[in-house]
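Asker: Next comes the structure file upload_38.csv, holding CSV, C-alpha atoms and all ligand atoms.
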chain,number,residue,atom,x,y,z
A,1,MET,CA,7.2,16.3,25.3
A,2,LYS,CA,6.0,15.7,28.8
A,3,THR,CA,9.3,16.8,30.3
A,4,ILE,CA,9.1,20.1,28.4
A,5,HIS,CA,5.6,20.8,29.7
A,6,PHE,CA,6.6,20.0,33.2
A,7,ALA,CA,9.6,22.3,33.0
A,8,CYS,CA,7.4,25.1,31.7
A,9,ARG,CA,4.6,24.6,34.2
A,10,SER,CA,6.9,24.5,37.2
A,11,GLY,CA,7.9,28.0,36.3
A,12,ARG,CA,11.1,27.7,38.2
A,13,PRO,CA,13.7,27.2,35.5
A,14,SER,CA,14.5,30.8,34.4
A,15,GLY,CA,17.5,33.0,33.8
A,16,ARG,CA,20.8,31.2,34.2
A,17,SER,CA,19.6,27.8,35.3
A,18,ALA,CA,17.3,27.5,32.3
A,19,GLY,CA,20.1,28.4,30.0
A,20,ILE,CA,22.1,25.5,31.3
A,21,LEU,CA,19.2,23.1,31.5
A,22,ALA,CA,17.6,23.7,28.2
A,23,PRO,CA,20.4,22.1,26.0
A,24,LEU,CA,20.7,19.3,28.5
A,25,LEU,CA,17.0,18.6,28.3
A,26,LEU,CA,17.1,18.8,24.6
A,27,ALA,CA,20.0,16.3,24.3
A,28,LEU,CA,18.0,13.9,26.5
A,29,LEU,CA,14.8,14.4,24.6
A,30,ILE,CA,16.0,14.1,21.0
A,31,PRO,CA,16.3,10.3,20.9
A,32,GLN,CA,12.9,9.9,22.7
A,33,LEU,CA,11.2,12.3,20.3
A,34,SER,CA,12.4,10.4,17.2
A,35,ALA,CA,11.3,7.1,18.8
A,36,ALA,CA,7.9,8.6,19.5
A,37,GLU,CA,7.4,10.0,16.0
A,38,PRO,CA,4.0,8.9,14.8
A,39,LEU,CA,4.0,5.8,12.7
A,40,LEU,CA,1.6,7.4,10.2
A,41,PRO,CA,1.2,11.0,9.1
A,42,GLU,CA,-2.2,12.7,9.1
A,43,PRO,CA,-4.4,11.2,6.4
A,44,GLU,CA,-5.2,13.4,3.4
A,45,LYS,CA,-8.8,14.1,2.7
A,46,VAL,CA,-9.1,13.4,-1.0
A,47,ALA,CA,-12.8,13.8,-1.4
A,48,ALA,CA,-16.0,14.4,0.7
A,49,HIS,CA,-15.9,10.9,2.3
A,50,SER,CA,-12.5,9.6,1.3
A,51,TRP,CA,-9.1,9.8,3.1
A,52,ALA,CA,-5.7,8.4,2.1
A,53,TRP,CA,-2.3,8.0,3.7
A,54,VAL,CA,0.2,8.6,1.0
A,55,GLY,CA,3.5,6.8,1.9
A,56,PRO,CA,7.1,7.3,1.0
A,57,TYR,CA,8.9,4.9,-1.4
A,58,GLY,CA,11.4,2.1,-0.8
A,59,PRO,CA,11.2,-1.2,0.9
A,60,PRO,CA,9.9,-1.8,4.5
A,61,THR,CA,12.7,-1.1,7.1
A,62,ALA,CA,13.1,-0.7,10.8
A,63,GLU,CA,13.3,3.0,10.2
A,64,ASN,CA,10.0,3.5,8.3
A,65,ARG,CA,8.3,0.8,10.5
A,66,GLY,CA,6.7,-0.6,7.3
A,67,PHE,CA,5.0,2.6,6.2
A,68,ARG,CA,6.0,2.9,2.5
A,69,MET,CA,2.7,2.4,0.7
A,70,ASN,CA,-0.7,4.1,0.4
A,71,LEU,CA,-3.7,3.2,2.6
A,72,GLY,CA,-7.1,4.7,2.9
A,73,PHE,CA,-10.6,4.8,4.5
A,74,VAL,CA,-14.1,5.9,3.5
A,75,VAL,CA,-16.6,7.3,6.0
A,76,GLY,CA,-20.3,7.0,5.6
A,77,ASP,CA,-23.2,8.0,7.8
A,78,GLU,CA,-23.3,4.6,9.4
A,79,ALA,CA,-20.0,2.9,8.9
A,80,VAL,CA,-16.4,3.1,7.8
A,81,ALA,CA,-14.5,1.0,5.3
A,82,VAL,CA,-10.7,0.7,5.4
A,83,ILE,CA,-8.7,0.1,2.3
A,84,ASP,CA,-5.9,-2.2,3.2
A,85,SER,CA,-4.9,-2.9,6.8
A,86,GLY,CA,-1.2,-2.0,6.8
A,87,TYR,CA,2.0,-3.9,7.7
A,88,SER,CA,1.5,-4.6,11.4
A,89,ASP,CA,-0.8,-4.6,14.4
A,90,ALA,CA,0.9,-1.3,15.4
A,91,MET,CA,0.1,0.3,12.0
A,92,ALA,CA,-3.5,-0.9,12.2
A,93,GLY,CA,-3.7,0.7,15.7
A,94,ALA,CA,-2.3,4.0,14.3
A,95,MET,CA,-4.9,3.9,11.5
A,96,ARG,CA,-7.7,3.3,14.0
A,97,GLU,CA,-6.6,6.3,16.0
A,98,HIS,CA,-6.6,8.6,13.0
A,99,ILE,CA,-10.0,7.3,11.9
A,100,ALA,CA,-11.4,7.9,15.4
A,101,ALA,CA,-10.3,11.5,15.2
A,102,VAL,CA,-12.4,11.9,12.0
A,103,THR,CA,-15.5,9.9,12.9
A,104,ASP,CA,-17.2,7.9,15.7
A,105,ARG,CA,-18.8,5.5,13.2
A,106,PRO,CA,-17.6,1.9,13.5
A,107,ILE,CA,-15.1,0.3,11.1
A,108,ARG,CA,-17.4,-2.3,9.5
A,109,TYR,CA,-15.2,-3.4,6.6
A,110,VAL,CA,-11.5,-3.8,5.7
A,111,ILE,CA,-10.8,-4.5,2.0
A,112,ASN,CA,-7.5,-6.1,1.1
A,113,THR,CA,-6.7,-4.9,-2.4
A,114,ASN,CA,-4.2,-7.8,-2.7
A,115,SER,CA,-2.5,-10.5,-0.7
A,116,GLN,CA,0.8,-8.7,0.0
A,117,PRO,CA,2.0,-8.2,3.6
A,118,HIS,CA,1.8,-4.4,3.5
A,119,ARG,CA,-2.0,-4.8,2.7
A,120,VAL,CA,-3.0,-7.5,5.1
A,121,LEU,CA,-0.9,-7.7,8.2
A,122,GLY,CA,-3.3,-5.4,10.2
A,123,ASN,CA,-6.2,-7.7,9.5
A,124,ALA,CA,-6.2,-9.4,12.9
A,125,ALA,CA,-6.3,-6.0,14.7
A,126,PHE,CA,-9.2,-4.7,12.7
A,127,ARG,CA,-11.1,-8.0,13.0
A,128,GLU,CA,-10.7,-7.8,16.7
A,129,ALA,CA,-12.3,-4.3,16.6
A,130,GLY,CA,-15.3,-5.7,14.8
A,131,ALA,CA,-14.5,-5.4,11.1
A,132,GLU,CA,-15.3,-7.9,8.4
A,133,ILE,CA,-12.2,-8.6,6.2
A,134,ILE,CA,-12.9,-8.7,2.5
A,135,ALA,CA,-10.4,-10.0,-0.1
A,136,GLY,CA,-10.3,-11.3,-3.7
A,137,ALA,CA,-11.1,-15.0,-3.9
A,138,GLU,CA,-7.8,-15.6,-5.6
A,139,ALA,CA,-5.9,-13.6,-3.0
A,140,ALA,CA,-7.4,-15.5,-0.1
A,141,PRO,CA,-5.3,-18.7,-0.2
A,142,ARG,CA,-2.0,-16.8,0.2
A,143,ILE,CA,-3.5,-14.6,3.0
A,144,THR,CA,-4.9,-17.6,4.9
A,145,ASP,CA,-2.2,-20.2,4.3
A,146,GLN,CA,1.0,-18.1,4.2
A,147,GLY,CA,-0.2,-15.4,6.6
A,148,ALA,CA,1.8,-16.7,9.6
A,149,ASP,CA,5.0,-16.8,7.5
A,150,LEU,CA,4.3,-13.3,6.1
A,151,ALA,CA,3.9,-12.0,9.7
A,152,LEU,CA,7.1,-13.7,10.9
A,153,SER,CA,9.2,-12.2,8.0
A,154,ALA,CA,7.7,-8.8,8.6
A,155,GLU,CA,8.8,-9.0,12.3
A,156,SER,CA,12.3,-9.8,11.1
A,157,VAL,CA,12.3,-7.0,8.5
A,158,LEU,CA,11.2,-4.4,11.1
A,159,GLY,CA,13.3,-5.9,13.9
A,160,VAL,CA,10.3,-6.1,16.3
A,161,PRO,CA,9.7,-8.8,18.9
A,162,ALA,CA,8.3,-12.1,18.0
A,163,GLY,CA,4.5,-12.1,18.3
A,164,SER,CA,4.1,-8.4,17.8
A,165,ILE,CA,2.7,-8.9,14.2
A,166,ARG,CA,-0.1,-11.4,14.0
A,167,ALA,CA,-1.1,-13.6,11.1
A,168,PRO,CA,-3.9,-12.0,9.1
A,169,GLY,CA,-6.2,-15.1,9.3
A,170,ALA,CA,-8.8,-16.1,6.8
A,171,PRO,CA,-10.8,-13.2,5.2
A,172,GLU,CA,-14.5,-13.4,6.1
A,173,ARG,CA,-15.8,-12.5,2.6
A,174,LEU,CA,-14.3,-13.4,-0.7
A,175,VAL,CA,-15.0,-11.4,-3.8
A,176,GLU,CA,-15.4,-13.1,-7.2
A,177,SER,CA,-17.6,-10.5,-8.9
A,178,ILE,CA,-18.4,-6.9,-8.2
A,179,GLU,CA,-19.8,-6.3,-4.7
A,180,THR,CA,-21.5,-3.2,-3.4
A,181,LEU,CA,-21.1,-2.0,0.2
A,182,ASP,CA,-23.4,0.6,1.7
A,183,LEU,CA,-21.8,2.8,4.3
A,184,GLY,CA,-24.9,5.0,4.7
A,185,GLY,CA,-25.0,7.7,2.0
A,186,VAL,CA,-21.8,6.4,0.5
A,187,THR,CA,-21.6,3.4,-1.8
A,188,LEU,CA,-18.5,1.4,-2.5
A,189,ARG,CA,-18.1,-1.0,-5.4
A,190,VAL,CA,-15.5,-3.6,-4.8
A,191,ILE,CA,-14.2,-4.7,-8.2
A,192,PRO,CA,-12.0,-7.8,-8.9
A,193,VAL,CA,-9.5,-7.1,-11.7
A,194,GLY,CA,-7.8,-10.4,-11.9
A,195,THR,CA,-4.0,-11.1,-11.7
A,196,ALA,CA,-2.0,-7.9,-12.1
A,197,HIS,CA,0.8,-7.2,-9.6
A,198,THR,CA,-0.6,-10.2,-7.7
A,199,ALA,CA,-3.5,-12.6,-8.0
A,200,GLY,CA,-6.9,-11.5,-6.8
A,201,SER,CA,-6.4,-7.8,-7.1
A,202,LEU,CA,-9.3,-5.6,-6.1
A,203,VAL,CA,-10.0,-2.0,-6.8
A,204,VAL,CA,-12.5,0.0,-4.8
A,205,GLU,CA,-14.7,2.7,-6.3
A,206,VAL,CA,-16.2,5.3,-4.0
A,207,VAL,CA,-19.2,6.1,-6.2
A,208,GLU,CA,-20.3,9.5,-4.7
A,209,ASP,CA,-16.8,10.7,-4.4
A,210,LYS,CA,-15.5,9.8,-7.9
A,211,ILE,CA,-12.5,8.2,-6.1
A,212,VAL,CA,-11.0,4.9,-7.1
A,213,PHE,CA,-8.6,3.1,-4.7
A,214,ALA,CA,-6.6,1.1,-7.2
A,215,GLY,CA,-4.1,-0.6,-4.9
A,216,ASP,CA,-1.0,-1.9,-6.6
A,217,VAL,CA,-2.6,-1.8,-10.1
A,218,LEU,CA,-1.3,1.8,-10.2
A,219,TYR,CA,2.1,3.1,-9.3
A,220,GLY,CA,2.9,6.8,-9.4
A,221,GLY,CA,6.4,8.2,-8.6
A,222,ARG,CA,8.2,5.0,-8.2
A,223,LEU,CA,9.0,2.1,-10.5
A,224,LEU,CA,6.5,-0.7,-10.2
A,225,ALA,CA,7.7,-4.2,-9.2
A,226,VAL,CA,7.1,-7.2,-11.5
A,227,LEU,CA,7.0,-10.2,-9.2
A,228,PRO,CA,7.1,-13.9,-10.0
A,229,VAL,CA,3.3,-13.9,-9.2
A,230,SER,CA,2.6,-10.9,-11.5
A,231,ARG,CA,1.1,-11.2,-14.9
A,232,SER,CA,2.0,-8.2,-17.1
A,233,ASP,CA,-0.8,-9.0,-19.6
A,234,GLY,CA,-3.4,-9.2,-16.8
A,235,TRP,CA,-1.9,-6.0,-15.3
A,236,LEU,CA,-2.4,-4.1,-18.6
A,237,GLU,CA,-6.0,-5.4,-18.8
A,238,ALA,CA,-6.6,-4.2,-15.2
A,239,PHE,CA,-5.3,-0.8,-16.2
A,240,GLY,CA,-7.6,-0.8,-19.2
A,241,GLU,CA,-10.6,-1.4,-16.9
A,242,LEU,CA,-9.7,1.7,-15.0
A,243,ARG,CA,-10.3,3.8,-18.1
A,244,ALA,CA,-14.0,3.3,-17.5
A,245,PHE,CA,-13.9,5.6,-14.5
A,246,ASP,CA,-14.2,8.8,-16.4
A,247,GLY,CA,-13.1,11.9,-14.4
A,248,ALA,CA,-12.3,10.0,-11.3
A,249,LEU,CA,-9.3,10.6,-9.0
A,250,PHE,CA,-7.2,7.6,-8.3
A,251,VAL,CA,-5.4,6.6,-5.1
A,252,PRO,CA,-2.6,4.4,-6.4
A,253,GLY,CA,-0.8,1.7,-4.3
A,254,HIS,CA,2.3,3.8,-4.3
A,255,GLY,CA,2.6,7.5,-5.3
A,256,ALA,CA,0.6,10.6,-5.3
A,257,VAL,CA,-3.2,10.8,-5.8
A,258,GLY,CA,-4.2,11.9,-9.4
A,259,PRO,CA,-6.1,11.4,-12.5
A,260,LEU,CA,-5.4,8.2,-14.5
A,261,ALA,CA,-3.3,10.3,-16.9
A,262,ASP,CA,-0.7,10.5,-14.1
A,263,PHE,CA,-0.2,6.8,-14.2
A,264,GLU,CA,0.1,6.2,-18.0
A,265,HIS,CA,3.8,6.7,-18.1
A,266,PRO,CA,4.9,5.0,-14.8
A,267,THR,CA,2.5,2.0,-15.0
A,268,HIS,CA,0.9,1.5,-18.4
A,269,ASP,CA,3.6,2.6,-20.8
A,270,TYR,CA,6.3,0.9,-18.7
A,271,LEU,CA,4.5,-2.4,-18.6
A,272,LEU,CA,3.6,-2.3,-22.3
A,273,ALA,CA,7.2,-1.4,-23.4
A,274,LEU,CA,8.6,-4.2,-21.1
A,275,LYS,CA,6.2,-6.8,-22.3
A,276,THR,CA,6.4,-5.9,-26.0
A,277,HIS,CA,10.2,-6.1,-25.8
A,278,MET,CA,10.4,-9.3,-23.9
A,279,ASP,CA,7.7,-11.1,-25.8
A,280,ALA,CA,9.6,-10.3,-29.1
A,281,ALA,CA,12.9,-11.4,-27.5
A,282,VAL,CA,11.5,-14.8,-26.4
A,283,ASP,CA,9.7,-15.3,-29.7
A,284,GLU,CA,12.9,-14.6,-31.6
A,285,GLY,CA,15.0,-16.9,-29.4
A,286,THR,CA,17.1,-14.0,-27.9
A,287,GLY,CA,18.8,-15.1,-24.7
A,288,LEU,CA,17.8,-13.7,-21.3
A,289,GLN,CA,20.9,-11.5,-20.7
A,290,GLU,CA,20.9,-10.1,-24.2
A,291,ALA,CA,17.2,-9.3,-24.0
A,292,ILE,CA,17.7,-7.5,-20.7
A,293,GLY,CA,20.6,-5.5,-22.0
A,294,ALA,CA,18.8,-4.5,-25.1
A,295,PHE,CA,15.8,-3.0,-23.3
A,296,ASP,CA,16.1,0.7,-22.9
A,297,GLN,CA,14.5,1.6,-19.5
A,298,SER,CA,16.0,5.2,-19.5
A,299,PRO,CA,12.5,6.9,-20.0
A,300,TRP,CA,11.7,5.6,-16.4
A,301,GLN,CA,15.1,6.2,-14.7
A,302,ASP,CA,13.9,9.2,-12.8
A,303,LEU,CA,11.3,7.1,-10.9
A,304,ALA,CA,12.1,6.2,-7.3
A,305,ASP,CA,13.4,2.6,-6.7
A,306,PHE,CA,14.6,2.4,-10.3
A,307,ASP,CA,18.0,1.0,-9.5
A,308,LEU,CA,16.5,-1.5,-7.1
A,309,LEU,CA,13.9,-2.9,-9.5
A,310,SER,CA,14.6,-2.2,-13.2
A,311,GLY,CA,16.9,-5.2,-13.7
A,312,ARG,CA,14.6,-7.5,-11.8
A,313,ASN,CA,11.6,-6.4,-13.7
A,314,ALA,CA,13.2,-7.0,-17.1
A,315,HIS,CA,14.3,-10.5,-15.9
A,316,GLN,CA,10.9,-11.4,-14.5
A,317,THR,CA,9.0,-10.2,-17.6
A,318,TYR,CA,11.3,-12.4,-19.8
A,319,LEU,CA,10.7,-15.4,-17.6
A,320,GLU,CA,6.9,-14.8,-17.7
A,321,ARG,CA,6.9,-14.9,-21.5
A,322,GLU,CA,9.2,-17.9,-21.6
A,323,ALA,CA,6.9,-19.8,-19.2
A,324,ALA,CA,3.9,-18.8,-21.2
A,325,ALA,CA,5.5,-20.2,-24.4
A,326,PHE,CA,5.5,-23.7,-22.7
A,327,GLU,CA,1.9,-23.5,-21.5
B,1,ZN,ZN,2.6,-2.4,-3.0
Let's see the structure in the file written out as structure tokens.
Ligand SMILES: [Zn+2]
Answerer:
Amino acid sequence: MKTIHFACRSGRPSGRSAGILAPLLLALLIPQLSAAEPLLPEPEKVAAHSWAWVGPYGPPTAENRGFRMNLGFVVGDEAVAVIDSGYSDAMAGAMREHIAAVTDRPIRYVINTNSQPHRVLGNAAFREAGAEIIAGAEAAPRITDQGADLALSAESVLGVPAGSIRAPGAPERLVESIETLDLGGVTLRVIPVGTAHTAGSLVVEVVEDKIVFAGDVLYGGRLLAVLPVSRSDGWLEAFGELRAFDGALFVPGHGAVGPLADFEHPTHDYLLALKTHMDAAVDEGTGLQEAIGAFDQSPWQDLADFDLLSGRNAHQTYLEREAAAFE
């Protein structure tokens, strides 16, 4: 961009020489422009005090630089709270720049809605800037003990130099029951909802805004991921708790912002169908492959990442029930 301004301001390239120079300049600039593309888009204002970055789908790659999830922040009269710190120091830096364009209030809190890399790997950068890191008590051991490994593997996924993504470190505050944060005229309720997608999941209600940041308890336009650490029964219970927020708008972990009704099909109905089918299969002694083959996932096949995750989800939900049968 600088080069273009320089060429314009110099005023000299005109007529024939500009005609020759312009395509040359463009050819030189195109790779630089794509490399300099912002890591994050502009955040969307979803209510009076609440903003969200709504990411694309798919796994983290060098190309998306790890941005493929939703993140957010809430601005009060006195302070800012950030919902999830992103996948890298660089992403946290980009978040801070966007936030600074909205408010000069300090970032006092960062809430990790779970222990996954895309929610915690910006913690060190925000802590350095003065924020207190808040996480679910059951999410903290993974963040603290495995954080260095999570950072290393994120570096290799993104193909960035060693040392450019720091370990998240130990969260300063652990949430075991509902906590209230006062940002000055705006109240957050940080609510633990147990083991859903992962252990120690938190949702954050912005009381005055009727907004709920639900983290990976809610998935919108893409298929959710059942992980070895997920509990589909706990996840359905967590979804049930969200029904208490009458008339709220929900910022999911992945997908567009919307009322809870938008997430019934991709999150609730999918989990319930999967769990019901696999529970019955295990109880009846049906084998793993047969049980997977007999589960009709076609109602969800239009969701993004379906091919990547549908088989794994069926497999994992079967194993979960099988393990539970031995408990
Ligand atoms: Zn996620």
Asker: What's the 10 Å shell around Gly159 of chain A, counting only C-alpha atoms, without same-chain residues fewer than 6 positions away, as a list in words?
Answerer: Thr61, Ala62, Glu63, Arg65 and Ser153 of chain A
Asker: What is the distance, in Å and to one decimal place, between atom CA of His268 of chain A and atom CA of Phe239 of chain A?
Answerer: 7.0 Å
Asker: So, with only C-alpha atoms and all ligand atoms as the atoms that count, which of A:Leu158, A:Ala137, A:Val110, A:Ala225 lies closest to ligand ZN 1 (chain B)?
Answerer: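 When distances to ligand ZN 1 (chain B) are compared using only C-alpha atoms and all ligand atoms, the smallest one comes from A:Ala225.
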Asker: Just give me the residues with any atom within 7 Å of (-2.5, -9.5, 14.1), file coordinates, counting only C-alpha atoms, written as a ChimeraX atom specification.
Answerer: /A:88-89,121-125,165-168
Asker: Considering all atoms listed in the file, return as a ChimeraX atom specification whatever protein or nucleic-acid residues lie within 7 Å of Ala196 of chain A, sequence-local ones (same chain, fewer than 2 positions apart) excluded.
Answerer: /A:194,198-199,201,217,230-232,234-235,238
Asker: Identify, counting only C-alpha atoms and all ligand atoms, the protein, DNA and RNA residues located within 10 Å of ligand ZN 1 (chain B), and give them as a ChimeraX atom specification.
Answerer: /A:57,59,68-70,113-119,197-198,215-219,224-225,252-254
Asker: Which residue, A:Ser310, A:Thr103, A:Thr195, A:Asn112, has the smallest gap to Ala79 of chain A when you use only C-alpha atoms?
Answerer: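 For Ala79 of chain A, the nearest of the given residues is A:Thr103.
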Asker: Near Gly311 of chain A, counting all atoms listed in the file, which residues have an atom at most 10 Å away, once you skip same-chain residues fewer than 3 positions from it, shown as an MDAnalysis selection string?
Answerer: chainID A and resid 292:293 295 297 306:308 314:316
Asker: May I ask for the distance between atom CA of Glu284 of chain A and atom CA of Leu309 of chain A, given in Å to one decimal place?
Answerer: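 Straight-line distance from atom CA of Glu284 of chain A to atom CA of Leu309 of chain A works out to 25.0 Å.
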Asker: Taking into account all atoms listed in the file, which residue in the set A:Val157, A:Ile191, A:Val251, A:Leu274 is nearest to Val54 of chain A?
Answerer: A:Val251
Asker: Could you model N, CA and C atoms for segment 74-105 of chain A and present them as an mmCIF file, keeping the file's coordinate frame?
Answerer:
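Dumped to selection06.cif:
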data_model
loop_
_atom_site.group_PDB
_atom_site.id
_atom_site.type_symbol
_atom_site.label_atom_id
_atom_site.label_comp_id
_atom_site.auth_asym_id
_atom_site.auth_seq_id
_atom_site.Cartn_x
_atom_site.Cartn_y
_atom_site.Cartn_z
ATOM 1 N N VAL A 74 -12.891 5.209 4.052
ATOM 2 C CA VAL A 74 -14.100 5.900 3.500
ATOM 3 C C VAL A 74 -15.093 5.960 4.664
ATOM 4 N N VAL A 75 -15.666 7.141 4.888
ATOM 5 C CA VAL A 75 -16.600 7.300 6.000
ATOM 6 C C VAL A 75 -18.004 7.601 5.498
ATOM 7 N N GLY A 76 -18.943 6.737 5.878
ATOM 8 C CA GLY A 76 -20.300 7.000 5.600
ATOM 9 C C GLY A 76 -21.095 7.432 6.803
ATOM 10 N N ASP A 77 -22.429 7.608 6.658
ATOM 11 C CA ASP A 77 -23.200 8.000 7.800
ATOM 12 C C ASP A 77 -23.311 6.956 8.873
ATOM 13 N N GLU A 78 -23.164 5.688 8.438
ATOM 14 C CA GLU A 78 -23.300 4.600 9.400
ATOM 15 C C GLU A 78 -22.057 3.824 9.704
ATOM 16 N N ALA A 79 -21.155 3.785 8.763
ATOM 17 C CA ALA A 79 -20.000 2.900 8.900
ATOM 18 C C ALA A 79 -18.794 3.405 8.141
ATOM 19 N N VAL A 80 -17.656 2.806 8.488
ATOM 20 C CA VAL A 80 -16.400 3.100 7.800
ATOM 21 C C VAL A 80 -15.861 1.881 7.139
ATOM 22 N N ALA A 81 -15.238 2.079 5.978
ATOM 23 C CA ALA A 81 -14.500 1.000 5.300
ATOM 24 C C ALA A 81 -13.051 1.411 5.208
ATOM 25 N N VAL A 82 -12.179 0.462 5.498
ATOM 26 C CA VAL A 82 -10.700 0.700 5.400
ATOM 27 C C VAL A 82 -10.187 0.008 4.184
ATOM 28 N N ILE A 83 -9.342 0.703 3.450
ATOM 29 C CA ILE A 83 -8.700 0.100 2.300
ATOM 30 C C ILE A 83 -7.307 -0.310 2.633
ATOM 31 N N ASP A 84 -7.119 -1.583 2.841
ATOM 32 C CA ASP A 84 -5.900 -2.200 3.200
ATOM 33 C C ASP A 84 -5.517 -1.930 4.696
ATOM 34 N N SER A 85 -5.019 -2.990 5.355
ATOM 35 C CA SER A 85 -4.900 -2.900 6.800
ATOM 36 C C SER A 85 -3.509 -2.601 7.314
ATOM 37 N N GLY A 86 -2.559 -2.363 6.385
ATOM 38 C CA GLY A 86 -1.200 -2.000 6.800
ATOM 39 C C GLY A 86 -0.319 -3.183 7.081
ATOM 40 N N TYR A 87 0.880 -2.903 7.598
ATOM 41 C CA TYR A 87 2.000 -3.900 7.700
ATOM 42 C C TYR A 87 2.111 -4.520 9.045
ATOM 43 N N SER A 88 1.317 -4.077 10.024
ATOM 44 C CA SER A 88 1.500 -4.600 11.400
ATOM 45 C C SER A 88 0.305 -4.263 12.249
ATOM 46 N N ASP A 89 0.234 -4.917 13.395
ATOM 47 C CA ASP A 89 -0.800 -4.600 14.400
ATOM 48 C C ASP A 89 -0.637 -3.111 14.802
ATOM 49 N N ALA A 90 0.624 -2.683 14.950
ATOM 50 C CA ALA A 90 0.900 -1.300 15.400
ATOM 51 C C ALA A 90 0.365 -0.308 14.345
ATOM 52 N N MET A 91 0.578 -0.629 13.066
ATOM 53 C CA MET A 91 0.100 0.300 12.000
ATOM 54 C C MET A 91 -1.417 0.328 11.997
ATOM 55 N N ALA A 92 -2.049 -0.837 12.151
ATOM 56 C CA ALA A 92 -3.500 -0.900 12.200
ATOM 57 C C ALA A 92 -4.011 -0.025 13.386
ATOM 58 N N GLY A 93 -3.300 -0.100 14.507
ATOM 59 C CA GLY A 93 -3.700 0.700 15.700
ATOM 60 C C GLY A 93 -3.577 2.198 15.383
ATOM 61 N N ALA A 94 -2.505 2.586 14.681
ATOM 62 C CA ALA A 94 -2.300 4.000 14.300
ATOM 63 C C ALA A 94 -3.436 4.441 13.359
ATOM 64 N N MET A 95 -3.802 3.565 12.425
ATOM 65 C CA MET A 95 -4.900 3.900 11.500
ATOM 66 C C MET A 95 -6.183 4.117 12.264
ATOM 67 N N ARG A 96 -6.457 3.214 13.204
ATOM 68 C CA ARG A 96 -7.700 3.300 14.000
ATOM 69 C C ARG A 96 -7.759 4.637 14.759
ATOM 70 N N GLU A 97 -6.625 5.044 15.298
ATOM 71 C CA GLU A 97 -6.600 6.300 16.000
ATOM 72 C C GLU A 97 -6.911 7.500 15.141
ATOM 73 N N HIS A 98 -6.299 7.506 13.953
ATOM 74 C CA HIS A 98 -6.600 8.600 13.000
ATOM 75 C C HIS A 98 -8.043 8.602 12.590
ATOM 76 N N ILE A 99 -8.578 7.404 12.345
ATOM 77 C CA ILE A 99 -10.000 7.300 11.900
ATOM 78 C C ILE A 99 -10.906 7.798 13.022
ATOM 79 N N ALA A 100 -10.577 7.436 14.254
ATOM 80 C CA ALA A 100 -11.400 7.900 15.400
ATOM 81 C C ALA A 100 -11.399 9.379 15.562
ATOM 82 N N ALA A 101 -10.335 10.021 15.082
ATOM 83 C CA ALA A 101 -10.300 11.500 15.200
ATOM 84 C C ALA A 101 -11.182 12.137 14.120
ATOM 85 N N VAL A 102 -11.577 11.347 13.096
ATOM 86 C CA VAL A 102 -12.400 11.900 12.000
ATOM 87 C C VAL A 102 -13.890 11.534 12.248
ATOM 88 N N THR A 103 -14.159 10.332 12.775
ATOM 89 C CA THR A 103 -15.500 9.900 12.900
ATOM 90 C C THR A 103 -15.691 8.924 14.097
ATOM 91 N N ASP A 104 -16.899 8.873 14.655
ATOM 92 C CA ASP A 104 -17.200 7.900 15.700
ATOM 93 C C ASP A 104 -17.924 6.672 15.127
ATOM 94 N N ARG A 105 -18.107 6.643 13.796
ATOM 95 C CA ARG A 105 -18.800 5.500 13.200
ATOM 96 C C ARG A 105 -17.866 4.250 13.262
#
